[in-house]
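Contents: one structure, followed by commentary.
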Amino acid sequence: MGKGPATTIAYVILAIFFLLLISFSPRKPRVHPHRRLRLRSSFSFDKHERIPFDPLVAEIERRREDKEWEKQYFADHHNEFVSEAAPTAESQSEWEDFMDAEDYLNDEDRFNVTQRIIMLFPKVDLDPTDGFVSLDELTEWNLMNAEKEVVHRTERDMDAHDKNHDMLISFQEYEAPSWSRRSHGDSDDMGWWKEDHFNASDVDGDGFLNKTEFNDFLHPADSKNPKLLSWLSKEEVRERDSDNDGKLNFQEFFHGIFDLISSYDQEGYNASHRSSDSLESPAKKMFADLDHDKDGHLSPEELLPVIDKIHPTERYYAKQQADYVIMQADADKDGRLTLEEMIDHPYVFYSAIFNDDENDDYFHDEFR
């Protein structure tokens, strides 16, 4: 939703006033320890990545990731070209004039985190525009940035697999990702990237996946397609069904799925700190609640209501990161952030993006 000129002018005046206040106030401005910002040195293409707070940083990292992706793709699919340099993205942005993007990010005249936060604050504070960033607003901001990343990766994969360049993917055109081959070999038991997965993603049933369908194919947990969510639930049962009866008994549920659901529902849940006996009682209750027909087994249909907890969506990760950032930067503990609080804690936002090897306290496992 756009804002009128009056609101924009008000934000500019507020930002100028705040900078002047910092300059002339008798209170000493907070001095932040010098930290060199470091971009990720490697990318994981099969796990969830941290969500960049700053869109400018996200674009830099996308370019770096694209180059890594190209190297991996050529190594997996075109061994004959591995000895040659992989194609690179066109140079268009000013930071590429630097030998290293990190030089750009650590040049305060060009990239100043305080100025970046002042500029981004009104873009986050939208609903309502009240001078505070709430948990919901920060979650929506993170989600928007995450979805841009997802769409970018989908477009990149689609371009690689669309052999006849008709903007559609057939099952014959698609090649399973290298991580699935490394993890599962050529086993026929591997349900992901097989034809039933493809067909569940094909909403209109025309035998091809357009960009929206292909995006759902690659990221089924975030899909609104009921066929695909049903397939995801069936796949979860299939992978854990050790006696091959097409459903889950309590032990099959208890060893794996119960921990995933509990981790989703309970912040800080850690099964390793509790005995198996202490976990069995809540697990049996959860199993009984899901077992609607009371036959002592869970069918894929009975597991479907909690499939989003077993395979969390981008919104879950966006909220998780927003929760952490607000917890760290919310000085008055009112559950929301002012511009001053964000300026006073700039590296809380950028530590969710950068890995500072010299100070691991700023890098957290929940964002890996």
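Starting from 1 in every chain, residues are counted up; chains themselves are A, B, ... following the order of the structure tokens, and ligands are numbered from 1 as listed.
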
Please run DSSP on the backbone and report, as number ranges by chain, all residues within range 165-290 of chain A that come out as strand (DSSP E).
A: 169-170, 208-209

How would you write, as a ChimeraX atom specification, the set of residues in range 106-323 of chain A that DSSP gives as alpha helix (DSSP H)?
/A:113-124,135-161,178-184,195-201,211-218,226-240,250-254,257-265,276-290,300-303,307-310,314-323

For range 196-211 of chain A, find every residue with an atom within 10 Å (counting only C-alpha atoms), except residues of its own chain fewer than 2 positions away, and show them as a PyMOL selection string.
chain A and resi 151+154-155+158+166-174+191-194+213-218+220+223+225-232+235

Residue neighbourhood range 127-132 of chain A, 7 Å, only C-alpha atoms, exclusion window fewer than 6 positions, as an MDAnalysis selection string
chainID A and resid 336:338

Which distance in Å separates CA of Tyr104 in chain A and CA of Trp69 in chain A, to one decimal?
22.9 Å

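For Val133 in chain A, the set of protein, DNA and RNA residues having any atom at most 12 Å away, when counting only C-alpha atoms and skipping those fewer than 6 positions along the same chain, is Ile117, Leu120, Phe121, Pro122, Lys123, Val124, Asp125, Leu126, Asp127, Thr139, Glu140, Trp141, Ala322, Asp323, Val325, Ile326, Ala329, Asp330, Asp334, Gly335, Arg336, Leu337, Thr338, Leu339, Glu340, Glu341 and Met342 of chain A.
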
Using N, CA, C and O atoms, can you export the residues from the last selection as a JSON list (two decimals), in the first residue's frame?
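Saved as result-v6.json:
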```
[["chain", "number", "residue", "atom", "x", "y", "z"],
["A", 117, "ILE", "N", 19.46, 1.86, 7.85],
["A", 117, "ILE", "CA", 18.32, 1.60, 8.74],
["A", 117, "ILE", "C", 17.34, 2.78, 8.69],
["A", 117, "ILE", "O", 16.11, 2.57, 8.65],
["A", 120, "LEU", "N", 15.42, 2.41, 5.49],
["A", 120, "LEU", "CA", 14.54, 1.24, 5.40],
["A", 120, "LEU", "C", 13.39, 1.29, 6.40],
["A", 120, "LEU", "O", 12.36, 0.64, 6.17],
["A", 121, "PHE", "N", 13.55, 2.01, 7.50],
["A", 121, "PHE", "CA", 12.54, 2.02, 8.56],
["A", 121, "PHE", "C", 11.12, 2.30, 8.04],
["A", 121, "PHE", "O", 10.19, 1.53, 8.34],
["A", 122, "PRO", "N", 10.91, 3.36, 7.24],
["A", 122, "PRO", "CA", 9.54, 3.61, 6.77],
["A", 122, "PRO", "C", 9.02, 2.56, 5.79],
["A", 122, "PRO", "O", 7.81, 2.42, 5.62],
["A", 123, "LYS", "N", 9.92, 1.78, 5.18],
["A", 123, "LYS", "CA", 9.48, 0.71, 4.29],
["A", 123, "LYS", "C", 8.98, -0.50, 5.07],
["A", 123, "LYS", "O", 8.20, -1.30, 4.56],
["A", 124, "VAL", "N", 9.43, -0.62, 6.33],
["A", 124, "VAL", "CA", 8.99, -1.72, 7.19],
["A", 124, "VAL", "C", 7.76, -1.31, 8.00],
["A", 124, "VAL", "O", 6.83, -2.09, 8.19],
["A", 125, "ASP", "N", 7.75, -0.05, 8.45],
["A", 125, "ASP", "CA", 6.67, 0.47, 9.29],
["A", 125, "ASP", "C", 5.48, 0.88, 8.43],
["A", 125, "ASP", "O", 5.27, 2.05, 8.14],
["A", 126, "LEU", "N", 4.67, -0.13, 8.05],
["A", 126, "LEU", "CA", 3.59, 0.13, 7.09],
["A", 126, "LEU", "C", 2.19, -0.13, 7.62],
["A", 126, "LEU", "O", 1.23, 0.44, 7.12],
["A", 127, "ASP", "N", 2.05, -1.01, 8.60],
["A", 127, "ASP", "CA", 0.70, -1.46, 8.96],
["A", 127, "ASP", "C", 0.54, -1.62, 10.47],
["A", 127, "ASP", "O", 0.66, -2.73, 10.99],
["A", 139, "THR", "N", 8.00, -9.39, 10.39],
["A", 139, "THR", "CA", 7.78, -10.70, 9.77],
["A", 139, "THR", "C", 7.39, -10.55, 8.30],
["A", 139, "THR", "O", 7.92, -11.26, 7.43],
["A", 140, "GLU", "N", 6.47, -9.61, 8.01],
["A", 140, "GLU", "CA", 6.05, -9.39, 6.62],
["A", 140, "GLU", "C", 7.23, -8.90, 5.76],
["A", 140, "GLU", "O", 7.36, -9.28, 4.60],
["A", 141, "TRP", "N", 8.06, -8.05, 6.34],
["A", 141, "TRP", "CA", 9.24, -7.55, 5.62],
["A", 141, "TRP", "C", 10.20, -8.70, 5.30],
["A", 141, "TRP", "O", 10.66, -8.85, 4.17],
["A", 322, "ALA", "N", 12.36, -12.59, 12.89],
["A", 322, "ALA", "CA", 11.83, -11.34, 13.45],
["A", 322, "ALA", "C", 11.77, -11.41, 14.97],
["A", 322, "ALA", "O", 12.09, -10.44, 15.67],
["A", 323, "ASP", "N", 11.36, -12.55, 15.51],
["A", 323, "ASP", "CA", 11.32, -12.74, 16.96],
["A", 323, "ASP", "C", 12.69, -12.50, 17.58],
["A", 323, "ASP", "O", 12.83, -11.79, 18.59],
["A", 325, "VAL", "N", 15.35, -10.88, 16.31],
["A", 325, "VAL", "CA", 15.84, -9.51, 16.15],
["A", 325, "VAL", "C", 15.17, -8.57, 17.14],
["A", 325, "VAL", "O", 15.83, -7.74, 17.77],
["A", 326, "ILE", "N", 13.86, -8.70, 17.30],
["A", 326, "ILE", "CA", 13.16, -7.82, 18.25],
["A", 326, "ILE", "C", 13.61, -8.11, 19.67],
["A", 326, "ILE", "O", 13.83, -7.19, 20.47],
["A", 329, "ALA", "N", 16.98, -6.23, 20.01],
["A", 329, "ALA", "CA", 17.05, -4.77, 19.82],
["A", 329, "ALA", "C", 16.02, -3.99, 20.62],
["A", 329, "ALA", "O", 16.12, -2.76, 20.73],
["A", 330, "ASP", "N", 15.02, -4.65, 21.18],
["A", 330, "ASP", "CA", 13.93, -3.98, 21.88],
["A", 330, "ASP", "C", 14.38, -3.58, 23.30],
["A", 330, "ASP", "O", 14.15, -4.30, 24.27],
["A", 334, "ASP", "N", 8.97, -3.43, 24.97],
["A", 334, "ASP", "CA", 7.53, -3.25, 24.72],
["A", 334, "ASP", "C", 7.05, -4.07, 23.52],
["A", 334, "ASP", "O", 5.91, -3.92, 23.08],
["A", 335, "GLY", "N", 7.93, -4.92, 22.98],
["A", 335, "GLY", "CA", 7.54, -5.81, 21.90],
["A", 335, "GLY", "C", 7.56, -5.19, 20.52],
["A", 335, "GLY", "O", 7.07, -5.81, 19.57],
["A", 336, "ARG", "N", 8.13, -4.01, 20.38],
["A", 336, "ARG", "CA", 8.21, -3.35, 19.08],
["A", 336, "ARG", "C", 9.48, -2.51, 19.05],
["A", 336, "ARG", "O", 10.11, -2.27, 20.10],
["A", 337, "LEU", "N", 9.85, -2.03, 17.87],
["A", 337, "LEU", "CA", 11.10, -1.31, 17.71],
["A", 337, "LEU", "C", 10.86, 0.11, 17.23],
["A", 337, "LEU", "O", 10.08, 0.34, 16.31],
["A", 338, "THR", "N", 11.55, 1.04, 17.88],
["A", 338, "THR", "CA", 11.57, 2.41, 17.39],
["A", 338, "THR", "C", 12.77, 2.56, 16.45],
["A", 338, "THR", "O", 13.67, 1.72, 16.42],
["A", 339, "LEU", "N", 12.81, 3.68, 15.73],
["A", 339, "LEU", "CA", 13.97, 3.96, 14.88],
["A", 339, "LEU", "C", 15.23, 4.06, 15.73],
["A", 339, "LEU", "O", 16.28, 3.55, 15.35],
["A", 340, "GLU", "N", 15.12, 4.69, 16.90],
["A", 340, "GLU", "CA", 16.28, 4.83, 17.77],
["A", 340, "GLU", "C", 16.81, 3.46, 18.22],
["A", 340, "GLU", "O", 18.02, 3.23, 18.24],
["A", 341, "GLU", "N", 15.91, 2.55, 18.57],
["A", 341, "GLU", "CA", 16.34, 1.21, 19.00],
["A", 341, "GLU", "C", 17.05, 0.48, 17.86],
["A", 341, "GLU", "O", 18.04, -0.24, 18.09],
["A", 342, "MET", "N", 16.56, 0.65, 16.66],
["A", 342, "MET", "CA", 17.19, -0.01, 15.52],
["A", 342, "MET", "C", 18.56, 0.58, 15.23],
["A", 342, "MET", "O", 19.51, -0.14, 14.93]]
```

Would you mind telling me which residue in A:Lys234, A:Ala283, A:Ala101, A:Asn145 lies nearest to Ser262 in chain A when using only C-alpha atoms?
A:Ala283

When you look at Tyr264 in chain A with a cut-off of 8 Å (counting only C-alpha atoms), what residues show up, excluding the ones that are within fewer than 4 positions of it in the same chain? I need them as a PDB file with C-alpha atoms, in the first residue's frame.
```
ATOM      1  CA  LEU A 260       9.568 -31.879  14.535  1.00  0.00           C
ATOM      2  CA  LYS A 309       4.836 -28.031  11.241  1.00  0.00           C
ATOM      3  CA  ILE A 310       6.790 -30.951   9.794  1.00  0.00           C
ATOM      4  CA  PRO A 312       7.778 -25.221   7.972  1.00  0.00           C
TER       5      PRO A 312
END
```

Would you mind reading off the distance between CA of Lys285 in chain A and CA of Glu314 in chain A, one decimal, in Å?
28.2 Å

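With only C-alpha atoms as the atoms that count, the residue of A:Lys163, A:Ile51, A:Gly246, A:Leu143 with the shortest distance to Leu298 in chain A is A:Gly246.
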
Neighbour list for Phe254 in chain A as a compact mmCIF listing (two decimals) with all heavy atoms, in the first residue's frame, cut-off 10 Å, only C-alpha atoms, skip fewer than 5 positions in-chain:
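And here's part.txt as it stands now:
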```
# COMPACT_ATOMS: atom_id res chain seq x y z
N LEU A 248 1.28 -44.78 9.66
CA LEU A 248 2.27 -44.72 10.73
C LEU A 248 1.69 -45.26 12.03
O LEU A 248 0.64 -44.82 12.47
CB LEU A 248 2.73 -43.28 10.95
CG LEU A 248 3.37 -42.56 9.76
CD1 LEU A 248 3.78 -41.14 10.16
CD2 LEU A 248 4.58 -43.33 9.24
N ASN A 249 2.42 -46.20 12.65
CA ASN A 249 2.05 -46.59 14.01
C ASN A 249 2.71 -45.62 14.99
O ASN A 249 3.44 -44.70 14.57
CB ASN A 249 2.46 -48.04 14.29
CG ASN A 249 3.96 -48.27 14.13
OD1 ASN A 249 4.78 -47.42 14.48
ND2 ASN A 249 4.31 -49.43 13.59
N ASP A 259 9.17 -34.97 17.39
CA ASP A 259 10.16 -33.94 17.68
C ASP A 259 10.02 -32.74 16.76
O ASP A 259 10.17 -31.59 17.18
CB ASP A 259 11.58 -34.51 17.56
CG ASP A 259 11.97 -35.37 18.75
OD1 ASP A 259 11.30 -35.25 19.80
OD2 ASP A 259 12.93 -36.15 18.65
N LEU A 260 9.73 -32.99 15.49
CA LEU A 260 9.57 -31.88 14.53
C LEU A 260 8.39 -30.99 14.92
O LEU A 260 8.49 -29.75 14.92
CB LEU A 260 9.36 -32.42 13.12
CG LEU A 260 10.57 -33.11 12.47
CD1 LEU A 260 10.16 -33.76 11.15
CD2 LEU A 260 11.70 -32.11 12.24
N SER A 276 13.46 -40.46 27.12
CA SER A 276 12.44 -40.99 26.22
C SER A 276 11.13 -41.22 26.95
O SER A 276 10.05 -40.98 26.40
CB SER A 276 12.94 -42.29 25.59
OG SER A 276 11.99 -42.84 24.72
N LEU A 279 9.04 -38.08 27.32
CA LEU A 279 8.48 -37.59 26.06
C LEU A 279 7.32 -38.47 25.57
O LEU A 279 6.49 -38.02 24.79
CB LEU A 279 9.56 -37.57 24.98
CG LEU A 279 10.70 -36.56 25.17
CD1 LEU A 279 11.78 -36.79 24.13
CD2 LEU A 279 10.18 -35.14 25.06
N GLU A 280 7.26 -39.70 26.04
CA GLU A 280 6.30 -40.64 25.49
C GLU A 280 4.86 -40.24 25.79
O GLU A 280 3.98 -40.38 24.94
CB GLU A 280 6.58 -42.05 26.02
CG GLU A 280 5.83 -43.11 25.25
CD GLU A 280 6.40 -44.50 25.45
OE1 GLU A 280 7.64 -44.63 25.51
OE2 GLU A 280 5.59 -45.44 25.53
N ALA A 283 3.72 -37.43 23.57
CA ALA A 283 3.69 -37.96 22.21
C ALA A 283 2.44 -38.79 21.98
O ALA A 283 1.81 -38.70 20.92
CB ALA A 283 4.94 -38.79 21.94
N LYS A 284 2.06 -39.58 22.97
CA LYS A 284 0.85 -40.41 22.84
C LYS A 284 -0.40 -39.53 22.76
O LYS A 284 -1.34 -39.84 22.01
CB LYS A 284 0.76 -41.37 24.00
CG LYS A 284 1.71 -42.55 23.89
CD LYS A 284 1.57 -43.52 25.04
CE LYS A 284 2.47 -44.75 24.85
NZ LYS A 284 2.39 -45.68 25.99
N MET A 286 -0.53 -36.42 21.56
CA MET A 286 -0.53 -35.81 20.24
C MET A 286 -0.96 -36.82 19.18
O MET A 286 -1.75 -36.50 18.28
CB MET A 286 0.88 -35.28 19.90
CG MET A 286 0.96 -34.50 18.60
SD MET A 286 2.66 -34.01 18.19
CE MET A 286 3.05 -32.88 19.52
N PHE A 287 -0.47 -38.06 19.28
CA PHE A 287 -0.83 -39.11 18.34
C PHE A 287 -2.33 -39.38 18.38
O PHE A 287 -2.98 -39.48 17.34
CB PHE A 287 -0.04 -40.38 18.69
CG PHE A 287 -0.23 -41.51 17.72
CD1 PHE A 287 0.60 -41.65 16.63
CD2 PHE A 287 -1.24 -42.45 17.91
CE1 PHE A 287 0.43 -42.70 15.72
CE2 PHE A 287 -1.42 -43.50 17.01
CZ PHE A 287 -0.58 -43.61 15.92
```
